[in-house]
$ cat protein-v9.txt   # compact mmCIF, C-alpha atoms
# COMPACT_ATOMS: atom_id res chain seq x y z
CA MET T 51 -58.68 41.69 -21.34
CA SER T 52 -59.92 45.09 -20.30
CA ASP T 53 -60.44 47.84 -22.87
CA GLN T 54 -61.01 50.42 -20.14
CA ARG T 55 -57.43 51.53 -19.49
CA THR T 56 -56.59 54.24 -21.98
CA ALA T 57 -52.93 55.05 -21.30
CA PRO T 58 -50.47 52.99 -23.33
CA VAL T 59 -47.86 50.90 -21.52
CA PRO T 60 -44.83 53.23 -21.28
CA ALA T 61 -41.57 52.83 -23.16
CA PHE T 62 -38.96 51.09 -21.00
CA GLU T 63 -35.18 51.24 -21.09
CA PRO T 64 -33.98 48.79 -23.81
CA PRO T 65 -33.32 45.98 -24.09
CA TYR T 66 -36.63 44.31 -23.23
CA TYR T 67 -39.04 42.12 -25.13
CA ALA T 68 -42.29 42.88 -26.93
CA VAL T 69 -44.48 39.91 -27.83
CA VAL T 70 -46.97 40.83 -30.54
CA PHE T 71 -49.94 38.47 -30.82
CA THR T 72 -52.48 39.26 -33.56
CA SER T 73 -55.53 37.09 -34.08
CA THR T 74 -58.98 36.55 -35.49
CA ARG T 75 -61.42 34.23 -33.78
CA THR T 76 -63.98 31.57 -34.64
CA GLU T 77 -67.74 31.74 -34.09
CA ASP T 78 -67.78 29.57 -30.97
CA GLN T 79 -66.12 31.46 -28.15
CA SER T 80 -67.42 29.42 -25.20
CA GLY T 81 -64.89 29.55 -22.40
CA TYR T 82 -62.72 32.16 -24.12
CA GLY T 83 -63.56 35.11 -21.86
CA GLU T 84 -62.84 33.24 -18.63
CA THR T 85 -59.59 31.85 -20.00
CA ALA T 86 -58.43 35.27 -21.25
CA GLU T 87 -59.11 36.76 -17.82
CA ARG T 88 -57.26 33.93 -16.12
CA MET T 89 -54.26 34.35 -18.46
CA GLU T 90 -54.15 38.08 -17.71
CA GLU T 91 -54.12 37.28 -13.98
CA LEU T 92 -51.44 34.61 -14.45
CA VAL T 93 -49.07 36.67 -16.59
CA LYS T 94 -49.11 39.47 -13.99
CA GLY T 95 -47.47 37.01 -11.60
CA VAL T 96 -44.56 36.28 -13.95
CA PRO T 97 -41.36 37.92 -12.64
CA GLY T 98 -40.16 40.33 -15.34
CA TYR T 99 -43.63 40.90 -16.84
CA LEU T 100 -43.90 44.63 -17.60
CA GLY T 101 -47.40 45.15 -18.97
CA MET T 102 -49.79 44.62 -21.86
CA ASP T 103 -51.57 46.68 -24.52
CA HIS T 104 -54.72 45.28 -26.12
CA ALA T 105 -57.16 46.49 -28.76
CA GLN T 106 -59.58 45.02 -31.28
CA THR T 107 -61.13 46.19 -34.56
CA PRO T 108 -64.87 46.04 -35.25
CA GLY T 109 -63.95 43.51 -37.94
CA GLY T 110 -62.50 41.16 -35.32
CA LEU T 111 -58.74 41.59 -35.56
CA ALA T 112 -57.30 41.59 -32.03
CA ILE T 113 -53.82 42.88 -31.18
CA THR T 114 -52.17 42.09 -27.87
CA VAL T 115 -48.65 43.27 -27.09
CA GLY T 116 -47.04 41.90 -23.94
CA TYR T 117 -43.84 43.45 -22.58
CA PHE T 118 -41.20 41.45 -20.70
CA ARG T 119 -37.93 42.46 -19.08
CA ASP T 120 -35.77 39.68 -20.52
CA ALA T 121 -35.62 36.25 -22.14
CA ASP T 122 -35.99 34.54 -18.74
CA ALA T 123 -39.32 36.27 -18.13
CA LEU T 124 -40.47 35.26 -21.61
CA GLU T 125 -39.47 31.69 -21.02
CA ARG T 126 -41.28 31.55 -17.68
CA TRP T 127 -44.48 32.68 -19.36
CA ARG T 128 -43.94 30.49 -22.40
CA SER T 129 -43.46 27.35 -20.32
CA ASP T 130 -46.31 27.96 -17.84
CA THR T 131 -48.42 24.79 -17.81
CA GLU T 132 -51.77 26.52 -17.60
CA HIS T 133 -50.76 28.92 -20.38
CA ARG T 134 -49.71 26.05 -22.62
CA SER T 135 -53.00 24.30 -22.04
CA ALA T 136 -54.89 27.52 -22.92
CA GLN T 137 -52.85 27.89 -26.13
CA LYS T 138 -53.74 24.35 -27.13
CA ARG T 139 -57.44 25.00 -26.56
CA GLY T 140 -57.09 28.28 -28.49
CA ARG T 141 -55.82 26.47 -31.57
CA ALA T 142 -58.50 23.78 -31.26
CA GLU T 143 -61.46 26.08 -30.63
CA TRP T 144 -61.06 29.85 -30.47
CA TYR T 145 -58.66 31.08 -33.12
CA ARG T 146 -59.31 31.29 -36.82
CA SER T 147 -55.82 32.63 -37.42
CA TYR T 148 -53.01 34.20 -35.48
CA SER T 149 -49.47 35.51 -35.83
CA LEU T 150 -46.93 35.66 -33.02
CA HIS T 151 -43.88 37.93 -33.25
CA VAL T 152 -41.40 37.70 -30.36
CA ALA T 153 -39.11 40.70 -30.59
CA LYS T 154 -36.30 42.32 -28.65
CA VAL T 155 -36.76 46.07 -28.26
CA GLU T 156 -33.67 47.95 -29.39
CA ARG T 157 -35.00 51.49 -29.24
CA SER T 158 -37.95 53.05 -27.44
CA HIS T 159 -39.46 56.45 -26.93
CA GLY T 160 -42.37 57.83 -24.96
CA PHE T 161 -44.38 61.03 -25.15
CA VAL T 162 -46.89 62.56 -22.72
CA ARG T 163 -48.42 66.00 -23.33
CA GLU T 164 -47.09 68.58 -20.91
CA GLU T 165 -50.47 69.89 -19.79
CA GLU T 166 -51.28 66.40 -18.58
CA GLY T 167 -48.09 65.95 -16.65
CA THR T 168 -49.83 66.61 -13.33
CA LEU T 169 -52.71 64.17 -13.84
CA PRO T 170 -52.56 60.87 -11.98
CA THR T 171 -51.77 58.00 -14.35
CA MET W 279 -55.93 53.29 -41.23
CA SER W 280 -58.52 50.78 -42.27
CA ASP W 281 -60.21 48.55 -39.70
CA GLN W 282 -61.83 46.50 -42.46
CA ARG W 283 -59.09 43.93 -43.09
CA THR W 284 -59.54 41.10 -40.63
CA ALA W 285 -56.60 38.77 -41.30
CA PRO W 286 -53.49 39.56 -39.24
CA VAL W 287 -50.22 40.29 -41.03
CA PRO W 288 -48.51 36.86 -41.27
CA ALA W 289 -45.42 35.79 -39.37
CA PHE W 290 -42.28 36.23 -41.50
CA GLU W 291 -38.94 34.44 -41.37
CA PRO W 292 -36.82 36.14 -38.64
CA PRO W 293 -34.99 38.38 -38.36
CA TYR W 294 -37.25 41.33 -39.23
CA TYR W 295 -38.48 44.36 -37.33
CA ALA W 296 -41.75 45.09 -35.57
CA VAL W 297 -42.43 48.71 -34.69
CA VAL W 298 -45.10 48.97 -32.00
CA PHE W 299 -46.73 52.39 -31.74
CA THR W 300 -49.39 52.79 -29.02
CA SER W 301 -51.20 56.08 -28.51
CA THR W 302 -54.08 58.07 -27.12
CA ARG W 303 -55.26 61.22 -28.83
CA THR W 304 -56.42 64.72 -27.98
CA GLU W 305 -59.89 66.20 -28.56
CA ASP W 306 -58.97 68.19 -31.67
CA GLN W 307 -58.27 65.75 -34.49
CA SER W 308 -58.53 68.12 -37.44
CA GLY W 309 -56.28 66.91 -40.22
CA TYR W 310 -55.46 63.63 -38.50
CA GLY W 311 -57.48 61.33 -40.77
CA GLU W 312 -56.02 62.69 -44.01
CA THR W 313 -52.49 62.53 -42.61
CA ALA W 314 -52.95 58.96 -41.33
CA GLU W 315 -54.17 57.90 -44.79
CA ARG W 316 -51.26 59.66 -46.47
CA MET W 317 -48.76 57.96 -44.11
CA GLU W 318 -50.30 54.57 -44.85
CA GLU W 319 -49.89 55.25 -48.57
CA LEU W 320 -46.31 56.50 -48.10
CA VAL W 321 -45.09 53.60 -45.94
CA LYS W 322 -46.33 51.10 -48.55
CA GLY W 323 -43.77 52.60 -50.92
CA VAL W 324 -40.84 52.00 -48.55
CA PRO W 325 -38.65 49.13 -49.84
CA GLY W 326 -38.65 46.45 -47.13
CA TYR W 327 -42.02 47.44 -45.66
CA LEU W 328 -43.90 44.21 -44.91
CA GLY W 329 -47.28 45.26 -43.56
CA MET W 330 -49.23 46.80 -40.70
CA ASP W 331 -51.75 45.72 -38.05
CA HIS W 332 -53.98 48.35 -36.47
CA ALA W 333 -56.72 48.32 -33.84
CA GLN W 334 -58.27 50.70 -31.32
CA THR W 335 -60.21 50.32 -28.08
CA PRO W 336 -63.51 52.11 -27.41
CA GLY W 337 -61.59 53.98 -24.69
CA GLY W 338 -59.25 55.46 -27.31
CA LEU W 339 -56.06 53.43 -27.03
CA ALA W 340 -54.74 52.79 -30.56
CA ILE W 341 -52.16 50.14 -31.41
CA THR W 342 -50.31 50.11 -34.72
CA VAL W 343 -47.66 47.50 -35.46
CA GLY W 344 -45.59 48.02 -38.60
CA TYR W 345 -43.37 45.24 -39.92
CA PHE W 346 -40.12 45.89 -41.79
CA ARG W 347 -37.58 43.56 -43.39
CA ASP W 348 -34.45 45.13 -41.93
CA ALA W 349 -32.83 48.15 -40.28
CA ASP W 350 -32.39 49.85 -43.67
CA ALA W 351 -36.13 49.72 -44.32
CA LEU W 352 -36.77 51.15 -40.85
CA GLU W 353 -34.30 53.92 -41.43
CA ARG W 354 -35.83 54.83 -44.79
CA TRP W 355 -39.23 55.22 -43.13
CA ARG W 356 -37.82 56.97 -40.08
CA SER W 357 -36.02 59.59 -42.15
CA ASP W 358 -38.81 60.25 -44.65
CA THR W 359 -39.34 64.03 -44.70
CA GLU W 360 -43.11 63.92 -44.94
CA HIS W 361 -43.26 61.33 -42.16
CA ARG W 362 -41.07 63.47 -39.90
CA SER W 363 -43.27 66.47 -40.51
CA ALA W 364 -46.39 64.40 -39.65
CA GLN W 365 -44.73 63.19 -36.42
CA LYS W 366 -44.01 66.76 -35.43
CA ARG W 367 -47.62 67.78 -36.03
CA GLY W 368 -48.74 64.68 -34.09
CA ARG W 369 -46.82 65.76 -31.01
CA ALA W 370 -48.07 69.33 -31.34
CA GLU W 371 -51.74 68.55 -31.98
CA TRP W 372 -53.01 64.99 -32.15
CA TYR W 373 -51.40 62.83 -29.48
CA ARG W 374 -52.11 62.95 -25.79
CA SER W 375 -49.54 60.23 -25.16
CA TYR W 376 -47.67 57.58 -27.08
CA SER W 377 -45.07 54.86 -26.73
CA LEU W 378 -42.83 53.62 -29.51
CA HIS W 379 -41.07 50.24 -29.26
CA VAL W 380 -38.71 49.36 -32.12
CA ALA W 381 -37.97 45.66 -31.87
CA LYS W 382 -36.13 42.97 -33.80
CA VAL W 383 -38.17 39.81 -34.21
CA GLU W 384 -36.21 36.77 -33.06
CA ARG W 385 -38.96 34.17 -33.23
CA SER W 386 -42.28 34.05 -35.04
CA HIS W 387 -45.12 31.64 -35.57
CA GLY W 388 -48.33 31.65 -37.57
CA PHE W 389 -51.53 29.65 -37.41
CA VAL W 390 -54.44 29.39 -39.85
CA ARG W 391 -57.33 26.97 -39.29
CA GLU W 392 -57.26 24.13 -41.77
CA GLU W 393 -60.87 24.46 -42.92
CA GLU W 394 -60.05 27.94 -44.11
CA GLY W 395 -56.98 26.93 -46.05
CA THR W 396 -58.78 27.18 -49.38
CA LEU W 397 -60.28 30.64 -48.89
CA PRO W 398 -58.71 33.53 -50.75
CA THR W 399 -56.82 35.83 -48.41

$ encode --input "protein-v9.txt" --output "structure tokens"
Amino acid sequence: MSDQRTAPVPAFEPPYYAVVFTSTRTEDQSGYGETAERMEELVKGVPGYLGMDHAQTPGGLAITVGYFRDADALERWRSDTEHRSAQKRGRAEWYRSYSLHVAKVERSHGFVREEEGTLPT
Amino acid sequence: MSDQRTAPVPAFEPPYYAVVFTSTRTEDQSGYGETAERMEELVKGVPGYLGMDHAQTPGGLAITVGYFRDADALERWRSDTEHRSAQKRGRAEWYRSYSLHVAKVERSHGFVREEEGTLPT
């Protein structure tokens, strides 16, 4: 997942879903990078996928938040065969620990500084 | 906010709330660090506060996810006078852009590798 994009995913009109995935990883990360890239490509093709924020601490805690329009979009991503297979490999090889919080957004709010309003986003 | 802790906040029994705050900041960050530390201290005193995950990209996108037991806990934190004053200063000085997603967790799941089950957490 790219760390280059600096603007956060915007706030959408509720309701929508936020899927918070927090993790720490093991020593052996062979194959992880390719799989993460493939998952990012795949999820973009899910109807109702809205975007993703990702960041990681120097200590190795990674946070990924995926945004989805509705429960159908979530379910499409959740039941994707290739995604399921990647999750299985993640538990077997890549993750030391993770937490998944699937949550329905009830309230949202966005802020962009006025002097930047004319910049391309 | 400390980047030292590596274990993610665990998954709790739903329902509970996840508050996703994603942001980029301005050049002038005077006073930000002290205020962020003070807010972290304050939120820990809110009844129903469950924990916080935080990470930041090299490009400057910060993600903070706060977990709260229920809407009352959220409301206590939301209406805290010192917190409100910090938010106001944040919009005036520290944030270039931010998104806030207040979401009710409907489903959660945690994973910890078995070989680490005996380590202190």

$ closest_residue --input "protein-v9.txt" --among "T:Glu91, T:Tyr117, T:Val70, T:Ser129" --to "His332 in chain W" --atoms "all atoms listed in the file"
T:Val70

$ atom_distance --input "protein-v9.txt" --atom1 "CA of Val59 in chain T" --atom2 "CA of Ala105 in chain T"
12.6 Å

$ interface_residues --input "protein-v9.txt" --of "chain W" --to "chain T" --cutoff "8 Å" --atoms "only C-alpha atoms" --output "ChimeraX atom specification"
/W:281-289,295-296,300-302,331-341,369,373-391

$ atom_distance --input "protein-v9.txt" --atom1 "CA of His361 in chain W" --atom2 "CA of Met317 in chain W"
6.7 Å

$ atom_distance --input "protein-v9.txt" --atom1 "CA of Gly116 in chain T" --atom2 "CA of Glu318 in chain W"
24.7 Å

$ residues_around --input "protein-v9.txt" --residues "Gly98 in chain T" --least-positions-apart "3" --cutoff "6 Å" --atoms "all atoms listed in the file" --output "ChimeraX atom specification"
/T:118-119,123

$ axis_aligned_box --input "protein-v9.txt" --around "range 376-380 of chain W" --padding-each-side "8 Å" --output "JSON"
{"center_x": -43.2, "center_y": 53.5, "center_z": -29.4, "size_x": 25.0, "size_y": 24.2, "size_z": 21.4}

$ build_atoms --input "protein-v9.txt" --residues "range 61-84 of chain T" --atoms "N, CA, C and O atoms" --output "mmCIF file, in the frame of the given file"
data_model
loop_
_atom_site.group_PDB
_atom_site.id
_atom_site.type_symbol
_atom_site.label_atom_id
_atom_site.label_comp_id
_atom_site.auth_asym_id
_atom_site.auth_seq_id
_atom_site.Cartn_x
_atom_site.Cartn_y
_atom_site.Cartn_z
ATOM 1 N N ALA T 61 -42.803 53.343 -22.584
ATOM 2 C CA ALA T 61 -41.570 52.830 -23.160
ATOM 3 C C ALA T 61 -40.603 52.565 -22.006
ATOM 4 O O ALA T 61 -40.503 53.377 -21.088
ATOM 5 N N PHE T 62 -39.942 51.418 -22.034
ATOM 6 C CA PHE T 62 -38.960 51.090 -21.000
ATOM 7 C C PHE T 62 -37.558 51.282 -21.568
ATOM 8 O O PHE T 62 -37.379 51.550 -22.757
ATOM 9 N N GLU T 63 -36.579 51.139 -20.674
ATOM 10 C CA GLU T 63 -35.180 51.240 -21.090
ATOM 11 C C GLU T 63 -34.800 49.947 -21.827
ATOM 12 O O GLU T 63 -34.882 48.874 -21.243
ATOM 13 N N PRO T 64 -34.385 50.011 -23.092
ATOM 14 C CA PRO T 64 -33.980 48.790 -23.810
ATOM 15 C C PRO T 64 -32.693 48.221 -23.198
ATOM 16 O O PRO T 64 -31.916 48.998 -22.616
ATOM 17 N N PRO T 65 -32.447 46.919 -23.370
ATOM 18 C CA PRO T 65 -33.320 45.980 -24.090
ATOM 19 C C PRO T 65 -34.427 45.408 -23.210
ATOM 20 O O PRO T 65 -34.262 45.271 -21.999
ATOM 21 N N TYR T 66 -35.565 45.100 -23.846
ATOM 22 C CA TYR T 66 -36.630 44.310 -23.230
ATOM 23 C C TYR T 66 -37.365 43.633 -24.382
ATOM 24 O O TYR T 66 -36.989 43.822 -25.548
ATOM 25 N N TYR T 67 -38.356 42.846 -24.066
ATOM 26 C CA TYR T 67 -39.040 42.120 -25.130
ATOM 27 C C TYR T 67 -40.470 42.592 -25.327
ATOM 28 O O TYR T 67 -41.150 42.926 -24.351
ATOM 29 N N ALA T 68 -40.895 42.629 -26.588
ATOM 30 C CA ALA T 68 -42.290 42.880 -26.930
ATOM 31 C C ALA T 68 -42.793 41.637 -27.667
ATOM 32 O O ALA T 68 -42.153 41.177 -28.620
ATOM 33 N N VAL T 69 -43.884 41.085 -27.191
ATOM 34 C CA VAL T 69 -44.480 39.910 -27.830
ATOM 35 C C VAL T 69 -45.784 40.364 -28.468
ATOM 36 O O VAL T 69 -46.725 40.740 -27.777
ATOM 37 N N VAL T 70 -45.797 40.367 -29.801
ATOM 38 C CA VAL T 70 -46.970 40.830 -30.540
ATOM 39 C C VAL T 70 -47.803 39.627 -30.951
ATOM 40 O O VAL T 70 -47.308 38.741 -31.669
ATOM 41 N N PHE T 71 -49.035 39.578 -30.488
ATOM 42 C CA PHE T 71 -49.940 38.470 -30.820
ATOM 43 C C PHE T 71 -51.162 39.069 -31.501
ATOM 44 O O PHE T 71 -51.909 39.846 -30.901
ATOM 45 N N THR T 72 -51.340 38.748 -32.790
ATOM 46 C CA THR T 72 -52.480 39.260 -33.560
ATOM 47 C C THR T 72 -53.357 38.078 -33.933
ATOM 48 O O THR T 72 -52.853 37.020 -34.314
ATOM 49 N N SER T 73 -54.670 38.244 -33.833
ATOM 50 C CA SER T 73 -55.530 37.090 -34.080
ATOM 51 C C SER T 73 -56.923 37.460 -34.569
ATOM 52 O O SER T 73 -57.391 38.589 -34.396
ATOM 53 N N THR T 74 -57.543 36.476 -35.215
ATOM 54 C CA THR T 74 -58.980 36.550 -35.490
ATOM 55 C C THR T 74 -59.569 35.290 -34.891
ATOM 56 O O THR T 74 -58.885 34.264 -34.774
ATOM 57 N N ARG T 75 -60.848 35.346 -34.499
ATOM 58 C CA ARG T 75 -61.420 34.230 -33.780
ATOM 59 C C ARG T 75 -62.552 33.526 -34.526
ATOM 60 O O ARG T 75 -63.088 34.052 -35.499
ATOM 61 N N THR T 76 -62.905 32.367 -34.039
ATOM 62 C CA THR T 76 -63.980 31.570 -34.640
ATOM 63 C C THR T 76 -65.336 32.039 -34.100
ATOM 64 O O THR T 76 -65.411 32.943 -33.271
ATOM 65 N N GLU T 77 -66.395 31.401 -34.556
ATOM 66 C CA GLU T 77 -67.740 31.740 -34.090
ATOM 67 C C GLU T 77 -67.941 31.333 -32.634
ATOM 68 O O GLU T 77 -68.495 32.075 -31.839
ATOM 69 N N ASP T 78 -67.520 30.112 -32.309
ATOM 70 C CA ASP T 78 -67.780 29.570 -30.970
ATOM 71 C C ASP T 78 -66.710 29.996 -29.977
ATOM 72 O O ASP T 78 -65.597 29.489 -29.986
ATOM 73 N N GLN T 79 -67.087 30.911 -29.101
ATOM 74 C CA GLN T 79 -66.120 31.460 -28.150
ATOM 75 C C GLN T 79 -66.401 30.999 -26.716
ATOM 76 O O GLN T 79 -65.980 31.658 -25.768
ATOM 77 N N SER T 80 -67.104 29.871 -26.568
ATOM 78 C CA SER T 80 -67.420 29.420 -25.200
ATOM 79 C C SER T 80 -66.141 29.156 -24.428
ATOM 80 O O SER T 80 -65.239 28.455 -24.897
ATOM 81 N N GLY T 81 -66.051 29.741 -23.267
ATOM 82 C CA GLY T 81 -64.890 29.550 -22.400
ATOM 83 C C GLY T 81 -63.763 30.540 -22.658
ATOM 84 O O GLY T 81 -62.851 30.652 -21.844
ATOM 85 N N TYR T 82 -63.828 31.266 -23.782
ATOM 86 C CA TYR T 82 -62.720 32.160 -24.120
ATOM 87 C C TYR T 82 -62.533 33.279 -23.083
ATOM 88 O O TYR T 82 -61.422 33.525 -22.617
ATOM 89 N N GLY T 83 -63.631 33.963 -22.764
ATOM 90 C CA GLY T 83 -63.560 35.110 -21.860
ATOM 91 C C GLY T 83 -62.922 34.761 -20.519
ATOM 92 O O GLY T 83 -62.010 35.461 -20.052
ATOM 93 N N GLU T 84 -63.375 33.670 -19.923
ATOM 94 C CA GLU T 84 -62.840 33.240 -18.630
ATOM 95 C C GLU T 84 -61.351 32.924 -18.750
ATOM 96 O O GLU T 84 -60.547 33.289 -17.878
#
